[in-house]
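**Q** This structure is in structure tokens; I'll ask about it shortly.
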Amino acid sequence: VLQGLDLALTLMYKGEACRLQIAPRFAYGDIGLKPGESLGLVGEVDGPKYEGATIDRDTWLEARLELHDWTEEPDHDTLPIAERMEIG
């Protein structure tokens, strides 16, 4: 998930929609993204690959977001150790 999307979602209310402009530093930065590159973790080989047009370096992105619903995370300090280990 792009950092810009992640940050915006934490500020939204249930049912809210917005048009988000994501600065390069919260998207693909000074590297960009080319078709065939990994969408997963850095260095991940077998993950999903990007199939769209090249996103040039220092490109601002625009996205439309709508938050339909969410589930709050449990307070990790109150969970049994086995559940904490399962979550990671």
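Ligands are numbered from 1 in the order shown, chains are lettered A, B, ... in the order of the structure tokens, and residues start at 1 in each chain.
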Which neighbours of Leu7 (chain A) fall inside 12 Å, counting only C-alpha atoms, when residues of the same chain fewer than 6 positions from it are skipped, and could you give them as a list in words?

**A**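 These residues fall inside the cut-off: Val1, Leu20, Gln21, Ile22, Ala23, Phe26, Ala27 and Leu65 of chain A.
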
**Q** Please identify all polymer residues within 8 Å of Glu16 (chain A), counting only C-alpha atoms, omitting same-chain residues fewer than 5 positions from it, and present them as a compact mmCIF listing (two decimals) with C-alpha atoms, in the first residue's frame.

**A**
# COMPACT_ATOMS: atom_id res chain seq x y z
CA GLU A 66 -14.23 5.94 -0.31
CA LEU A 67 -14.16 4.37 3.13
CA HIS A 68 -17.07 1.95 3.40

**Q** So how many Å separate CA of Ala63 (chain A) and CA of Tyr28 (chain A), to one decimal?

**A**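 We find that CA of Ala63 (chain A) and CA of Tyr28 (chain A) lie 14.0 Å from each other.
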
**Q** My list of candidates is A:Asp56, A:Glu83, A:Glu73, A:Glu62. Which is closest to Ile31 (chain A) when distances are computed with only C-alpha atoms?

**A**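 Under the stated criterion, the closest residue is A:Asp56.
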
**Q** Just want the 12 Å neighbourhood of Trp70 (chain A), counted on only C-alpha atoms, with same-chain residues fewer than 5 positions away dropped. Output as a list in words.

**A** Leu9, Thr10, Met12, Tyr13, Lys14 and Gly15 of chain A

**Q** Could you write out, as a PyMOL selection string, all the residues of chain A that DSSP marks as strand (DSSP E)?

**A** chain A and resi 17-22+61-66
